[in-house]
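Participant: Data file query_23.cif (mmCIF, C-alpha atoms and all ligand atoms) is appended below.
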```
data_coords
#
loop_
_atom_site.label_atom_id
_atom_site.label_comp_id
_atom_site.auth_asym_id
_atom_site.auth_seq_id
_atom_site.Cartn_x
_atom_site.Cartn_y
_atom_site.Cartn_z
CA MET A 1 68.99 117.95 67.61
CA ALA A 2 71.40 120.74 66.68
CA ARG A 3 71.55 121.73 70.36
CA ALA A 4 72.36 118.13 71.30
CA GLY A 5 74.86 118.00 68.44
CA ALA A 6 76.72 121.08 69.67
CA ILE A 7 77.21 119.41 73.06
CA VAL A 8 78.36 116.18 71.39
CA PHE A 9 80.93 118.15 69.40
CA ALA A 10 82.20 119.97 72.49
CA THR A 11 82.37 116.70 74.46
CA LEU A 12 84.43 114.97 71.79
CA ASP A 13 86.67 118.03 71.55
CA LEU A 14 87.21 117.88 75.32
CA CYS A 15 88.04 114.16 75.12
CA ARG A 16 90.44 114.69 72.21
CA GLY A 17 92.35 117.11 74.40
CA LEU A 18 92.46 114.65 77.32
CA VAL A 19 93.72 111.67 75.30
CA LYS A 20 97.32 110.96 76.26
CA PRO A 21 99.40 107.99 77.38
CA GLY A 22 98.48 106.96 80.93
CA ILE A 23 94.85 108.12 81.01
CA SER A 24 92.18 105.45 81.48
CA THR A 25 89.06 105.13 79.37
CA GLU A 26 87.10 105.49 82.63
CA ASP A 27 88.72 108.91 83.18
CA LEU A 28 87.53 110.04 79.74
CA ASP A 29 84.02 108.74 80.40
CA ARG A 30 83.79 110.47 83.77
CA GLU A 31 84.94 113.84 82.40
CA ALA A 32 82.56 113.52 79.43
CA GLU A 33 79.55 112.67 81.59
CA LYS A 34 80.29 115.58 83.94
CA PHE A 35 80.61 117.96 80.99
CA ILE A 36 77.42 116.75 79.27
CA ARG A 37 75.36 117.05 82.45
CA SER A 38 76.72 120.59 83.07
CA HIS A 39 74.39 121.70 80.23
CA PRO A 40 70.84 122.18 81.53
CA GLY A 41 68.53 119.47 80.18
CA ALA A 42 71.31 117.44 78.56
CA LYS A 43 72.10 113.81 79.33
CA PRO A 44 74.30 111.13 77.81
CA SER A 45 72.22 109.07 75.35
CA PHE A 46 74.20 105.85 75.72
CA LYS A 47 73.97 105.45 79.49
CA GLY A 48 71.36 102.77 80.08
CA LEU A 49 70.61 102.35 76.36
CA TYR A 50 70.03 98.58 75.91
CA GLY A 51 71.68 98.34 79.35
CA PHE A 52 75.00 99.97 78.36
CA PRO A 53 76.64 101.08 81.63
CA LYS A 54 78.62 104.18 80.59
CA SER A 55 78.25 107.55 78.86
CA LEU A 56 80.79 106.98 76.06
CA CYS A 57 81.71 103.96 74.00
CA ILE A 58 85.53 103.87 73.91
CA SER A 59 87.19 101.35 71.65
CA VAL A 60 90.98 100.90 71.47
CA ASN A 61 93.02 99.56 68.51
CA GLU A 62 91.32 96.40 67.10
CA GLU A 63 88.14 97.23 69.00
CA VAL A 64 85.65 98.62 66.48
CA VAL A 65 82.76 99.92 68.61
CA HIS A 66 80.95 99.58 71.95
CA GLY A 67 84.04 99.30 74.14
CA ILE A 68 83.09 99.83 77.80
CA PRO A 69 85.15 102.46 79.65
CA SER A 70 87.16 100.95 82.51
CA PRO A 71 89.71 102.16 85.07
CA LYS A 72 91.83 99.16 84.02
CA ARG A 73 91.97 100.25 80.40
CA ILE A 74 94.95 102.60 80.21
CA LEU A 75 95.78 104.28 76.92
CA ARG A 76 99.35 103.70 75.73
CA GLU A 77 101.62 105.60 73.33
CA GLY A 78 100.90 104.38 69.79
CA ASN A 79 97.32 103.22 70.44
CA ILE A 80 94.41 104.57 68.47
CA VAL A 81 91.19 105.24 70.37
CA SER A 82 87.65 105.61 69.05
CA ILE A 83 85.34 107.77 71.15
CA ASP A 84 81.63 107.56 70.40
CA CYS A 85 79.27 110.04 72.08
CA GLY A 86 75.51 110.56 72.09
CA VAL A 87 73.66 113.37 73.83
CA CYS A 88 69.93 113.87 74.40
CA VAL A 89 68.41 117.34 74.90
CA GLU A 90 64.66 117.61 75.55
CA GLY A 91 64.04 114.25 73.92
CA PHE A 92 66.19 114.76 70.82
CA HIS A 93 69.44 112.88 70.22
CA ALA A 94 72.66 113.49 68.33
CA ASP A 95 75.46 110.98 67.76
CA SER A 96 79.08 111.40 66.66
CA ALA A 97 82.41 109.58 66.88
CA ILE A 98 86.08 110.30 66.32
CA THR A 99 89.22 108.15 66.30
CA VAL A 100 92.40 109.76 67.57
CA PRO A 101 96.01 108.65 67.99
CA VAL A 102 97.50 108.36 71.47
CA GLY A 103 100.83 110.17 71.22
CA HIS A 104 102.72 109.26 68.07
CA VAL A 105 101.53 106.58 65.65
CA PRO A 106 103.20 105.39 62.43
CA PRO A 107 102.48 107.35 59.20
CA GLU A 108 100.45 104.41 57.82
CA THR A 109 98.15 104.64 60.83
CA GLU A 110 97.78 108.41 60.36
CA ARG A 111 96.86 107.77 56.73
CA PHE A 112 94.31 105.15 57.81
CA LEU A 113 92.61 107.57 60.23
CA GLU A 114 92.57 110.39 57.68
CA THR A 115 91.12 108.13 54.97
CA THR A 116 88.32 106.98 57.28
CA ARG A 117 87.51 110.61 58.09
CA GLN A 118 87.48 111.40 54.37
CA ALA A 119 85.19 108.41 53.76
CA LEU A 120 82.73 109.92 56.25
CA MET A 121 82.87 113.31 54.52
CA ALA A 122 82.33 111.64 51.11
CA GLY A 123 79.29 109.84 52.52
CA ILE A 124 77.90 113.07 53.99
CA GLU A 125 78.32 114.79 50.62
CA GLN A 126 75.80 112.29 49.19
CA ALA A 127 73.15 113.00 51.86
CA ARG A 128 71.12 115.10 49.44
CA LEU A 129 67.48 115.33 48.42
CA GLY A 130 66.67 112.78 45.77
CA ASN A 131 69.72 110.62 46.44
CA HIS A 132 69.39 107.16 47.96
CA ILE A 133 70.87 105.47 51.01
CA GLY A 134 73.00 103.42 48.60
CA ASP A 135 74.70 106.58 47.32
CA ILE A 136 76.06 107.21 50.83
CA GLY A 137 77.34 103.67 51.30
CA HIS A 138 78.85 103.62 47.83
CA ALA A 139 80.79 106.83 48.51
CA VAL A 140 82.09 105.57 51.87
CA GLN A 141 83.09 102.22 50.38
CA THR A 142 84.82 103.78 47.35
CA VAL A 143 87.08 106.03 49.45
CA SER A 144 87.83 103.30 52.00
CA GLU A 145 88.63 100.56 49.51
CA ALA A 146 90.73 102.93 47.37
CA GLY A 147 92.91 103.26 50.48
CA GLY A 148 93.19 99.47 50.69
CA TYR A 149 90.99 99.14 53.78
CA GLY A 150 88.14 96.87 54.85
CA VAL A 151 84.54 98.12 55.17
CA ILE A 152 82.69 96.50 58.04
CA ARG A 153 79.31 95.09 56.99
CA GLU A 154 77.79 93.87 60.27
CA LEU A 155 77.50 97.38 61.74
CA VAL A 156 75.75 100.29 60.05
CA GLY A 157 74.67 103.89 60.50
CA HIS A 158 71.06 104.70 61.30
CA GLY A 159 68.28 107.20 61.49
CA VAL A 160 68.43 109.30 64.67
CA GLY A 161 65.90 111.69 66.22
CA THR A 162 63.61 111.17 69.19
CA LYS A 163 65.26 107.76 69.50
CA MET A 164 68.97 107.06 69.27
CA HIS A 165 68.49 104.35 66.66
CA GLU A 166 65.74 104.70 64.07
CA ASP A 167 65.10 103.58 60.51
CA PRO A 168 66.58 103.60 57.99
CA GLN A 169 69.79 101.61 58.33
CA VAL A 170 72.72 103.40 56.67
CA PRO A 171 75.29 100.83 55.51
CA ASN A 172 78.87 101.80 54.67
CA HIS A 173 78.78 99.87 51.42
CA GLY A 174 76.25 99.88 48.62
CA LYS A 175 75.32 100.71 45.09
CA PRO A 176 74.37 104.14 43.70
CA LYS A 177 70.60 104.77 43.33
CA ARG A 178 69.71 101.79 45.54
CA GLY A 179 67.94 101.75 48.86
CA GLU A 180 65.60 104.22 50.48
CA ARG A 181 65.27 107.68 48.92
CA LEU A 182 66.48 110.63 51.02
CA LEU A 183 63.72 113.11 51.86
CA GLU A 184 63.83 116.65 53.23
CA GLY A 185 64.15 116.69 57.01
CA MET A 186 65.54 113.18 57.41
CA THR A 187 68.22 113.00 60.11
CA ILE A 188 70.74 110.17 59.89
CA ALA A 189 73.95 109.08 61.59
CA ILE A 190 76.58 108.27 58.96
CA GLU A 191 79.39 106.26 60.55
CA PRO A 192 82.10 104.46 58.59
CA MET A 193 83.68 101.61 60.59
CA ILE A 194 86.84 100.73 58.65
CA THR A 195 89.69 98.28 59.25
CA MET A 196 93.32 98.10 58.16
CA GLY A 197 92.71 94.43 57.35
CA ASP A 198 89.71 92.20 56.73
CA TYR A 199 86.21 93.51 57.41
CA LYS A 200 84.99 90.55 59.47
CA THR A 201 84.27 91.15 63.15
CA LYS A 202 83.59 89.20 66.31
CA LEU A 203 82.04 89.97 69.70
CA LEU A 204 84.09 89.78 72.90
CA PRO A 205 82.78 87.77 75.88
CA ASP A 206 81.62 91.03 77.57
CA LYS A 207 78.85 90.88 74.92
CA TRP A 208 79.45 94.53 74.00
CA THR A 209 82.88 95.07 72.49
CA VAL A 210 83.09 94.37 68.76
CA VAL A 211 86.64 93.62 67.52
CA THR A 212 88.14 92.87 64.12
CA ALA A 213 88.35 89.09 63.61
CA ASP A 214 91.92 89.35 62.30
CA GLY A 215 93.11 91.76 65.02
CA SER A 216 93.75 94.60 62.58
CA LEU A 217 93.25 98.21 63.67
CA ALA A 218 89.77 99.72 63.30
CA ALA A 219 88.70 103.36 62.91
CA HIS A 220 85.26 104.94 63.41
CA PHE A 221 84.15 108.43 62.44
CA GLU A 222 80.53 109.56 62.69
CA HIS A 223 78.34 112.63 62.27
CA THR A 224 74.62 113.23 62.63
CA VAL A 225 73.42 114.84 59.41
CA ALA A 226 70.13 116.49 58.38
CA VAL A 227 69.01 116.25 54.76
CA THR A 228 67.90 119.78 53.80
CA ARG A 229 66.96 121.53 50.58
CA ASN A 230 70.26 123.40 50.95
CA GLY A 231 72.23 120.15 51.10
CA PRO A 232 73.58 118.09 53.97
CA ARG A 233 73.71 119.90 57.34
CA ILE A 234 76.10 118.38 59.88
CA LEU A 235 74.45 118.74 63.29
CA THR A 236 77.46 117.52 65.29
CA MET A 237 79.91 120.12 64.02
CA PRO A 238 79.84 123.94 64.21
CA ALA A 239 78.46 125.44 60.98
MG MG B 301 77.75 106.83 67.66
MG MG B 302 75.53 105.90 65.61
#
```
Give the structure from this file in structure tokens form.
Facilitator:
Amino acid sequence: MARAGAIVFATLDLCRGLVKPGISTEDLDREAEKFIRSHPGAKPSFKGLYGFPKSLCISVNEEVVHGIPSPKRILREGNIVSIDCGVCVEGFHADSAITVPVGHVPPETERFLETTRQALMAGIEQARLGNHIGDIGHAVQTVSEAGGYGVIRELVGHGVGTKMHEDPQVPNHGKPKRGERLLEGMTIAIEPMITMGDYKTKLLPDKWTVVTADGSLAAHFEHTVAVTRNGPRILTMPA
């Protein structure tokens, strides 16, 4: 999983560098797929998963997750874009997401992105032996709501390993000491999905793209994390 995670990190880093006004989400997907497959034995986890047609999920502005890359979807100055990437190496998956500004965005949008990233890191900090799933959600929710933002309930993090999505579910809200206990060797995807407005969502007619119901901006940051006796180990980031 760490080998898959290293490729996920490098793919997202590549995409971050490509994001600029005028590029299409299809362009990002094509470059990412080419890069992933350039590593022997690696393939994009999302392509074909539940019938998803592309290698990345790319979600712009009020789109929360599962946006389908398209040559018609051109990034514009002032957008924010969430890029979600999964890679499989020899049967083991890793999953990570980032949200980045396209060109310049207002300071309040920068603050929103930074708070969501901090909410992820606060959640990861709780991924420790003896803690519970609720400790992670509580930490994510506390940071997000302190910033004045909405925590999406309908979508959650998940176990990840030989399948992309495994038990347990990892919600982004919760109460300390509640939910499943974290055991040594568990590997989970922690992924705050946060809005600048209300947390309710709806599904677009393409049956994939989830958007905020009120049209507010949404951010998504994710890492795959292993619970170890030495604390949380982020598998989708260099040590
Ligand atoms: Mg993901
Ligand atoms: Mg995930």
Participant: Pick out the residues no farther than 12 Å from ligand MG 302 (chain B), counting only C-alpha atoms and all ligand atoms, and list them as a PyMOL selection string.
Facilitator: chain A and resi 45-46+56-57+65-66+83-87+93-98+155-161+163-171+187-193+220-225+236
Participant: Show which residues sit within 8 Å of region 62-64 of chain A, as an MDAnalysis selection string. Count only C-alpha atoms, and ignore same-chain residues fewer than 4 positions away.
Facilitator: chainID A and resid 82 193 209:212 215:220
Participant: What's the 12 Å shell around Arg178 (chain A), counting all atoms listed in the file, without same-chain residues fewer than 2 positions away, as an MDAnalysis selection string?
Facilitator: chainID A and resid 130:138 170:171 173:176 180:182
Participant: Suppose you want the space between CA of Phe112 (chain A) and CA of Ile152 (chain A); what is it in Å?
Facilitator: 14.5 Å
Participant: Between A:Gly22, A:Pro44, A:Gly17, A:Gly179, which is the closest to ligand MG 301 (chain B) once you count all atoms listed in the file?
Facilitator: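 Looking only at the distances to ligand MG 301 (chain B), the closest residue turns out to be A:Pro44.
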Participant: Near Val105 (chain A), within 8 Å and counting all atoms listed in the file, which residues show up once chain neighbours fewer than 6 positions away are dropped, as a short mmCIF file (atom, residue, chain, number, x, y, z; two decimals) with C-alpha atoms, in the coordinates of the input?
Facilitator:
```
data_model
loop_
_atom_site.label_atom_id
_atom_site.label_comp_id
_atom_site.auth_asym_id
_atom_site.auth_seq_id
_atom_site.Cartn_x
_atom_site.Cartn_y
_atom_site.Cartn_z
CA GLU A 77 101.62 105.60 73.33
CA GLY A 78 100.90 104.38 69.79
CA ASN A 79 97.32 103.22 70.44
CA ILE A 80 94.41 104.57 68.47
#
```
Participant: Pick out the closest residue to His39 (chain A) from this set: A:Leu18, A:Val100, A:Ala4, A:Val140. Count only C-alpha atoms.
Facilitator: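 So, comparing all the options, the nearest one is A:Ala4.
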